[in-house]
Each structure stands twice: as structure tokens, then as C-alpha cells.
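Have a look at start_39.cif; it's mmCIF, C-alpha atoms:
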```cif
data_upload
#
loop_
_atom_site.label_atom_id
_atom_site.label_comp_id
_atom_site.auth_asym_id
_atom_site.auth_seq_id
_atom_site.Cartn_x
_atom_site.Cartn_y
_atom_site.Cartn_z
CA THR I 29 106.11 211.50 242.45
CA PRO I 30 106.57 214.76 244.40
CA ALA I 31 105.69 214.60 248.08
CA HIS I 32 102.54 216.38 249.20
CA GLY I 33 102.85 220.10 249.89
CA PRO I 34 104.12 223.28 248.25
CA THR I 35 107.79 222.20 248.04
CA GLY I 36 107.15 218.67 246.77
CA LYS I 37 109.86 217.42 249.15
CA LEU I 38 109.50 214.90 251.96
CA VAL I 39 109.83 216.35 255.43
CA GLN I 40 112.64 214.61 257.33
CA LEU I 41 112.70 215.41 261.04
CA VAL I 42 115.09 212.83 262.56
CA SER I 43 118.39 214.47 263.53
CA LYS I 44 121.70 212.81 262.69
CA GLY I 45 125.33 212.91 263.83
CA GLU I 46 126.52 215.76 266.03
CA GLU I 47 123.14 217.50 265.88
CA ALA I 48 121.47 214.38 267.33
CA THR I 49 124.10 214.08 270.07
CA LYS I 50 123.57 217.70 271.15
CA LEU I 51 119.79 217.35 270.99
CA LYS I 52 119.83 214.21 273.12
CA ALA I 53 122.02 215.87 275.76
CA SER I 54 119.80 218.96 275.96
CA ALA I 55 116.60 216.86 275.97
CA LEU I 56 117.59 215.35 279.32
CA SER I 57 116.92 218.71 281.01
CA PHE I 58 113.53 219.34 279.37
CA PRO I 59 110.14 218.52 280.91
CA GLU I 60 109.00 215.08 279.77
CA LEU I 61 105.78 213.79 278.26
CA THR I 62 105.11 210.08 277.77
CA LEU I 63 103.23 209.54 274.52
CA THR I 64 100.12 207.40 274.18
CA ARG I 65 99.91 204.66 271.57
CA ARG I 66 98.01 206.92 269.19
CA GLN I 67 100.48 209.78 269.68
CA LEU I 68 103.37 207.39 268.94
CA CYS I 69 101.73 206.42 265.64
CA ASP I 70 101.30 210.10 264.76
CA ILE I 71 104.83 211.10 265.71
CA GLU I 72 106.32 208.27 263.63
CA LEU I 73 104.57 209.54 260.49
CA LEU I 74 105.48 213.14 261.32
CA LEU I 75 109.16 212.28 261.78
CA ASN I 76 109.50 210.02 258.72
CA GLY I 77 107.65 212.31 256.31
CA GLY I 78 104.47 210.27 255.95
CA PHE I 79 102.50 213.35 257.01
CA SER I 80 104.46 215.79 254.82
CA PRO I 81 104.33 218.77 254.70
CA LEU I 82 103.65 218.82 258.47
CA ASP I 83 106.77 219.44 260.56
CA GLY I 84 105.19 219.04 263.98
CA PHE I 85 101.93 218.90 265.91
CA MET I 86 99.47 221.54 264.72
CA ASN I 87 99.33 224.90 266.45
CA GLN I 88 95.98 226.58 267.06
CA LYS I 89 95.93 228.47 263.75
CA GLU I 90 96.73 225.31 261.77
CA TYR I 91 94.28 223.19 263.77
CA GLU I 92 91.37 225.58 263.28
CA SER I 93 92.14 225.96 259.57
CA VAL I 94 92.14 222.17 259.07
CA VAL I 95 88.96 221.62 261.12
CA HIS I 96 87.03 224.32 259.23
CA ASN I 97 88.57 224.26 255.75
CA LEU I 98 90.39 220.89 255.37
CA ARG I 99 93.46 222.99 254.55
CA MET I 100 96.51 224.41 256.26
CA PRO I 101 96.73 228.22 256.53
CA ASP I 102 98.82 228.29 253.30
CA LYS I 103 95.90 226.48 251.53
CA THR I 104 97.70 223.10 251.38
CA LEU I 105 95.09 220.34 251.48
CA PHE I 106 95.20 218.42 254.78
CA PRO I 107 91.87 217.07 256.07
CA ILE I 108 92.70 215.59 259.50
CA PRO I 109 93.96 217.57 262.52
CA ILE I 110 97.22 216.11 263.87
CA THR I 111 97.40 217.28 267.48
CA LEU I 112 99.22 216.48 270.71
CA ASP I 113 96.62 216.33 273.47
CA VAL I 114 97.53 216.78 277.14
CA ASN I 115 95.50 217.01 280.34
CA GLU I 116 94.90 220.21 282.31
CA LYS I 117 97.74 219.61 284.78
CA GLN I 118 100.23 218.98 281.96
CA ALA I 119 98.94 222.04 280.08
CA HIS I 120 99.42 224.37 283.06
CA ALA I 121 102.93 222.98 283.57
CA LYS I 122 103.66 223.89 279.94
CA SER I 123 101.76 227.14 279.52
CA GLY I 124 104.06 228.91 277.05
CA PRO I 125 106.91 228.51 274.58
CA GLY I 126 109.68 226.12 275.57
CA HIS I 127 110.67 222.53 274.94
CA LEU I 128 109.19 219.12 275.71
CA ALA I 129 111.02 215.79 275.59
CA LEU I 130 108.58 213.28 274.10
CA LYS I 131 109.14 209.69 275.24
CA ASP I 132 107.67 206.26 274.61
CA GLU I 133 106.41 203.99 277.39
CA GLU I 134 109.86 202.42 277.75
CA GLY I 135 111.51 205.78 278.39
CA ASN I 136 113.15 206.22 274.97
CA ILE I 137 113.30 209.90 273.98
CA ILE I 138 111.70 210.00 270.53
CA ALA I 139 111.77 213.73 269.82
CA VAL I 140 111.91 217.23 271.22
CA LEU I 141 108.90 219.46 270.66
CA ASP I 142 109.68 223.16 270.36
CA VAL I 143 106.41 224.41 271.81
CA SER I 144 104.71 227.31 270.03
CA ASP I 145 101.40 227.33 271.87
CA VAL I 146 99.11 225.48 274.28
CA TYR I 147 95.43 225.87 273.51
CA GLN I 148 92.01 224.52 274.41
CA PRO I 149 90.21 223.13 271.36
CA ASN I 150 86.49 223.31 270.78
CA LYS I 151 85.93 219.54 270.94
CA LYS I 152 82.24 219.80 270.08
CA GLU I 153 83.13 221.65 266.88
CA GLU I 154 85.91 219.17 266.03
CA ALA I 155 83.54 216.25 266.61
CA GLN I 156 80.88 217.76 264.36
CA LEU I 157 83.02 219.09 261.51
CA VAL I 158 85.71 216.39 261.30
CA PHE I 159 83.78 213.25 262.27
CA GLY I 160 80.07 214.07 261.73
CA GLY I 161 78.99 214.60 265.33
CA ASP I 162 77.59 211.19 266.37
CA PRO I 163 78.83 210.61 269.97
CA GLU I 164 79.06 206.87 269.25
CA HIS I 165 81.67 207.46 266.54
CA PRO I 166 84.93 205.86 267.82
CA ALA I 167 86.99 209.03 267.21
CA ILE I 168 84.41 211.21 268.99
CA SER I 169 84.29 208.76 271.88
CA TYR I 170 88.11 208.97 272.06
CA LEU I 171 87.95 212.77 271.85
CA ASN I 172 85.43 213.03 274.69
CA HIS I 173 86.60 210.28 277.02
CA GLN I 174 90.33 209.72 276.44
CA ALA I 175 91.95 212.74 274.81
CA GLY I 176 93.26 215.55 277.02
CA SER I 177 91.44 218.89 277.17
CA PHE I 178 94.37 220.90 275.78
CA TYR I 179 96.52 220.65 272.66
CA VAL I 180 100.22 221.52 272.43
CA GLY I 181 101.46 222.84 269.09
CA GLY I 182 105.01 223.12 267.84
CA LYS I 183 107.76 221.87 265.56
CA LEU I 184 109.50 218.53 266.12
CA ARG I 185 113.18 217.67 266.20
CA GLY I 186 113.45 213.90 266.12
CA LEU I 187 115.99 211.65 267.80
CA GLN I 188 114.67 208.30 266.59
CA LEU I 189 111.58 206.66 265.20
CA PRO I 190 109.56 204.73 267.81
CA PRO I 191 111.22 201.29 268.02
CA HIS I 192 109.35 198.22 266.78
CA TYR I 193 110.25 194.60 267.38
CA ASP I 194 107.95 192.87 264.91
CA TYR I 195 107.84 192.66 261.10
CA ARG I 196 110.86 194.90 260.67
CA ASP I 197 111.32 193.61 257.12
CA ILE I 198 108.08 195.28 255.99
CA ARG I 199 108.22 198.40 258.19
CA ARG I 200 109.52 200.96 255.70
CA THR I 201 109.67 204.75 255.80
CA PRO I 202 108.52 206.83 252.81
CA VAL I 203 112.18 207.28 251.80
CA GLU I 204 112.79 203.51 251.91
CA VAL I 205 109.65 202.74 249.88
CA ARG I 206 110.56 205.40 247.31
CA GLU I 207 114.09 203.99 247.02
CA LEU I 208 112.68 200.51 246.37
CA LEU I 209 110.25 201.82 243.74
CA LYS I 210 113.09 203.67 242.02
CA LYS I 211 115.41 200.66 242.20
CA ASN I 212 112.73 198.45 240.63
CA GLY I 213 112.00 201.04 237.94
CA TRP I 214 108.35 201.37 238.98
CA ASP I 215 107.09 204.77 237.83
CA ARG I 216 103.35 203.99 238.06
CA VAL I 217 102.29 202.60 241.42
CA VAL I 218 98.77 202.04 242.69
CA ALA I 219 98.42 201.87 246.48
CA PHE I 220 95.83 199.78 248.29
CA GLN I 221 94.79 200.66 251.85
CA THR I 222 93.55 197.83 254.04
CA ARG I 223 92.92 197.18 257.72
CA ASN I 224 91.51 193.65 257.21
CA PRO I 225 92.77 190.43 255.62
CA LEU I 226 92.42 190.50 251.83
CA HIS I 227 89.57 188.43 250.46
CA ARG I 228 89.18 187.33 246.85
CA ALA I 229 87.32 190.47 245.74
CA HIS I 230 90.08 192.69 247.16
CA TYR I 231 92.69 190.67 245.31
CA GLU I 232 90.73 190.96 242.06
CA LEU I 233 90.36 194.71 242.63
CA THR I 234 94.11 195.17 242.98
CA VAL I 235 94.96 193.00 239.95
CA ARG I 236 92.49 194.89 237.77
CA ALA I 237 93.84 198.23 238.97
CA GLN I 238 97.34 197.09 237.99
CA LYS I 239 96.09 196.12 234.55
CA ASP I 240 93.91 199.20 233.97
CA PHE I 241 96.66 201.67 234.85
CA ASP I 242 99.66 199.60 233.72
CA ALA I 243 100.94 200.00 237.26
CA LYS I 244 102.66 198.07 240.03
CA LEU I 245 100.97 197.53 243.40
CA LEU I 246 101.89 198.92 246.81
CA LEU I 247 99.96 196.79 249.31
CA HIS I 248 99.98 199.13 252.29
CA PRO I 249 98.14 197.69 255.31
CA VAL I 250 97.68 199.65 258.52
CA VAL I 251 99.48 198.14 261.53
CA GLY I 252 99.02 201.10 263.89
CA MET I 253 95.54 201.56 265.35
CA THR I 254 92.40 200.59 263.47
CA LYS I 255 88.76 200.11 264.44
CA PRO I 256 88.02 198.51 267.82
CA GLY I 257 87.20 194.85 267.23
CA ASP I 258 89.33 194.50 264.08
CA ILE I 259 91.42 191.37 263.54
CA ASP I 260 94.83 191.77 265.20
CA HIS I 261 97.68 192.89 262.96
CA HIS I 262 99.73 189.70 263.51
CA THR I 263 97.02 187.58 261.87
CA ARG I 264 96.56 190.13 259.12
CA VAL I 265 100.29 190.31 258.30
CA LYS I 266 100.37 186.51 257.91
CA CYS I 267 97.49 186.78 255.44
CA TYR I 268 99.20 189.57 253.48
CA ARG I 269 102.46 187.65 253.26
CA ASN I 270 100.60 184.59 252.03
CA ILE I 271 98.83 186.41 249.23
CA MET I 272 101.96 188.09 247.83
CA ASP I 273 102.85 184.88 245.96
CA LYS I 274 99.63 185.21 243.97
CA TYR I 275 100.82 188.39 242.22
CA ALA I 276 103.06 188.26 239.16
CA PRO I 277 106.81 188.45 239.92
CA ASN I 278 108.15 191.98 240.43
CA SER I 279 104.65 193.50 240.35
CA ALA I 280 103.72 194.06 244.01
CA LEU I 281 105.37 195.33 247.19
CA LEU I 282 104.11 194.69 250.73
CA SER I 283 104.91 197.45 253.21
CA SER I 284 103.18 198.28 256.48
CA LEU I 285 101.90 201.68 257.63
CA PRO I 286 102.03 202.66 261.34
CA LEU I 287 98.92 204.81 261.09
CA ALA I 288 96.44 205.52 263.88
CA MET I 289 93.21 205.56 261.89
CA ARG I 290 90.45 207.94 262.93
CA MET I 291 87.75 206.17 260.89
CA ALA I 292 86.78 209.62 259.60
CA GLY I 293 85.08 208.54 256.38
CA PRO I 294 85.41 211.07 253.50
CA ARG I 295 88.04 213.21 255.22
CA GLU I 296 90.09 210.12 256.04
CA ALA I 297 89.85 208.87 252.45
CA VAL I 298 91.59 212.05 251.26
CA TRP I 299 94.13 211.76 254.09
CA HIS I 300 94.96 208.17 253.11
CA ALA I 301 95.58 209.25 249.53
CA LEU I 302 97.91 212.09 250.60
CA ILE I 303 99.90 209.71 252.81
CA ARG I 304 100.33 207.25 249.91
CA LYS I 305 101.46 210.13 247.69
CA ASN I 306 104.23 210.73 250.24
CA TYR I 307 105.18 207.06 250.00
CA GLY I 308 105.64 207.42 246.24
CA ALA I 309 102.34 206.09 244.89
CA THR I 310 100.86 207.69 241.76
CA HIS I 311 97.37 206.15 242.13
CA PHE I 312 95.17 205.11 245.04
CA ILE I 313 92.27 202.66 245.29
CA LEU I 314 89.36 204.20 247.15
CA GLY I 315 86.84 201.80 248.65
CA ARG I 316 83.10 202.06 249.31
CA ASP I 317 82.53 203.70 252.73
CA HIS I 318 86.30 204.08 252.86
CA ALA I 319 87.57 204.29 256.47
CA GLY I 320 84.04 204.40 257.86
CA PRO I 321 83.35 202.69 261.22
CA GLY I 322 80.09 201.09 260.06
CA ALA I 323 76.86 201.81 261.95
CA ASN I 324 75.89 203.11 265.39
CA SER I 325 73.80 201.20 267.94
CA ALA I 326 70.59 202.27 266.18
CA GLY I 327 71.83 200.69 262.94
CA LYS I 328 72.44 204.05 261.24
CA ASP I 329 75.63 204.26 259.17
CA PHE I 330 78.07 206.96 260.27
CA TYR I 331 78.76 207.74 256.59
CA GLY I 332 77.05 206.91 253.32
CA PRO I 333 78.73 204.36 251.02
CA TYR I 334 79.75 206.99 248.45
CA GLU I 335 80.07 210.18 250.53
#
```
Here is a file; write its structure as C-alpha cells.
Amino acid sequence: TPAHGPTGKLVQLVSKGEEATKLKASALSFPELTLTRRQLCDIELLLNGGFSPLDGFMNQKEYESVVHNLRMPDKTLFPIPITLDVNEKQAHAKSGPGHLALKDEEGNIIAVLDVSDVYQPNKKEEAQLVFGGDPEHPAISYLNHQAGSFYVGGKLRGLQLPPHYDYRDIRRTPVEVRELLKKNGWDRVVAFQTRNPLHRAHYELTVRAQKDFDAKLLLHPVVGMTKPGDIDHHTRVKCYRNIMDKYAPNSALLSSLPLAMRMAGPREAVWHALIRKNYGATHFILGRDHAGPGANSAGKDFYGPYE
């Protein structure tokens, strides 16, 4: 399966060898920005190609195109804005082109951002067009109360993926998943997105999809950030591991996805499919009210079941 985008090739942004050594040395002199948990999820999928064809955080032209048209300026379909938000003080410190060393909370330099622009988004417009406008929507609440007032756009040069210390055996990059699919001779693969433990109906859904499309299964649960109040990912991973024995031998692969979900309903459904395309899947199971956050305090659903 070609990766998403005009070239059909996975974007690979982690430097290697001498290039990485030079980048690390120069990064020590750059202004630093410590990434939030959500930004770390985003940068991991930018660096490893999960968000192909993106090669960095969106600049203003790309951001506005995606918000208004669900497409990049070159018309490539991409429904969710991937942005690096900063506060006013950080924005004024980085007012023009230059470089930023992006770090995790432990001080590891993850990547260098070659800054193209710093801009102030129209958050009201983003909230309305991308998420539907209800201030109780979790992504709109995040936008209004947690996200910085400015966005920094630019291309990334990676030094390493954010380190993880749990479930390393199922944390695979798009390249690693594709290599496994190729090694197993799986040319038809249906991906299943989940942020909850699988119940019997989910299992039946996946088995029938395998049968209907003569395909293997990529069980691809989110272990980044999901909806507030969801079951923790440790419990969910135990459930996923347990159910793998129920599938026929050599018919299903469990691999985790470090995605920060936005719960953006229809736009997010398309986004999830594009990500799975980058991981090598040929088909994708789309659920009712896929990636919707349920209802607001008045009992009104944020999205309809089949929007």
C-alpha cells in the first residue's frame, strides 16, 4: 500500500549517523521548548511517518487550508490541523525564522524545528469548523483553556522518537508494521481503531471483516491520549493481549498507536483511516459515531451516529 500523499512514500524524519551527531551538537545552542504530552504524541507520529505526508508542524498557510478545506495547499486530503502551540511569551521570544530544540519532560532532545512562521490562529473559527463549535467539546475546551495562543510552524529534523518504557513489544512504527506485513505475506489488511477494551460485538465485527475481505487484521489501539474518563491504557492492553488468542493463527497483529485523539467525529474518522494507510492497511473499519465524545451536559450528542 502506498503511503498517503502525492509521492506515496513514508516521511522519515529521524536523522541517523553523522547527520544526527551534528544536529545534536547544534541543538544544544538553540532555544528550547519542552513539549506537552499531546505535542509528544503528535511529534512521534510526525517523525515516524504516521502523519505522512506532513514533514513538520503546520505553517499558517497549511493550517488555514486544513481548517477550511480539509486539505493541504497542494490539495492532499488531511482533515485535522497538526500544530505546535506556544504561549505569548514563548511566541515573542521566537518571533521569526530560526531553530527550536524540542524536548520531552525529562530533557531529552527529540527534534529540531526549523521555524518558518509564528502566527496567531483564529481559535473560534478552528473550534467551529474542525470540532463543531460546542464549548463543552473536549478538544474545544483544550483549545480555549490549555493550548497556547500562538502556533509555530516549520519542518522537523528528528533526533529520536519520544522514549517509552512500557509495552515496547507492541510499539511499532509504520515502517516496522509494514515490514511485518510484508514478511507474513499479508497483502490485504483491515485495521481496527479502538480506545476501549474489545467486547464480543467488536470481536465479531473484526472476524467478519476478515472473512468478507479475505484480509488479515491489524488491531491498532490508541495508547496516546483518548477521551477524559476512558479506561487506562494498561488495562486495555491486557485485554487486547488476551483476545489475540481468539483469532486464527497468523491472521491478526496487535500494534499500538501513540495518537493524541481529538475526538473530532467525522474529520477524525478520515484522519484515522489515513494514518492506518500509512501503517500499511488496505481497509479500515469505521464505527458508528466514530471518534465522537458522546453528549454534552444537556444530553445533546456532539455528532450524529452516521455523520
Give me the residues of region 142-205 of chain I that have any atom at most 12 Å from an atom of region 227-251 of chain I; for each, the nearest atom pair and the distance in Å, rounded to one decimal. Use all atoms listed in the file, sort by chain and number, and format it as JSON lines.
```
{"residue": "I:His192", "atom": "CA", "partner": "I:Val251", "partner_atom": "CA", "distance": 11.2}
{"residue": "I:Asp194", "atom": "CA", "partner": "I:Val251", "partner_atom": "CA", "distance": 10.5}
{"residue": "I:Tyr195", "atom": "CA", "partner": "I:Val251", "partner_atom": "CA", "distance": 10.0}
{"residue": "I:Arg196", "atom": "CA", "partner": "I:Val251", "partner_atom": "CA", "distance": 11.9}
{"residue": "I:Ile198", "atom": "CA", "partner": "I:His248", "partner_atom": "CA", "distance": 9.7}
{"residue": "I:Arg199", "atom": "CA", "partner": "I:Val251", "partner_atom": "CA", "distance": 9.4}
{"residue": "I:Arg200", "atom": "CA", "partner": "I:His248", "partner_atom": "CA", "distance": 10.3}
{"residue": "I:Thr201", "atom": "CA", "partner": "I:His248", "partner_atom": "CA", "distance": 11.7}
{"residue": "I:Pro202", "atom": "CA", "partner": "I:His248", "partner_atom": "CA", "distance": 11.5}
{"residue": "I:Val205", "atom": "CA", "partner": "I:Leu246", "partner_atom": "CA", "distance": 9.2}
```
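Excluding Asp329 (chain I) itself and any same-chain residue fewer than 2 positions from it, the protein and nucleic acid residues within 12 Å of it, counting only C-alpha atoms, are I:Gly160, I:Asp162, I:Glu164, I:His165, I:Gly293, I:Asp317, I:Gly320, I:Pro321, I:Gly322, I:Ala323, I:Asn324, I:Ser325, I:Ala326, I:Gly327, I:Tyr331, I:Gly332, I:Pro333, I:Tyr334, I:Glu335.
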Open item on the list: Running the PyMOL selection byres ((chain I and resi 292) around 8) on this model by hand, what would come out? Give it as number ranges by chain.
Closed with: I: 158-159, 167, 289-291, 293-297, 319-321
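The shortest atom-to-atom distance to Asn87 (chain I), with all atoms listed in the file taken into account, belongs to I:Val143 out of I:Val143, I:Leu68, I:Val298, I:Leu285.
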TODO: Report the distance between CA of Leu73 (chain I) and CA of His120 (chain I) in Å, rounded to one decimal place.
DONE: 27.5 Å
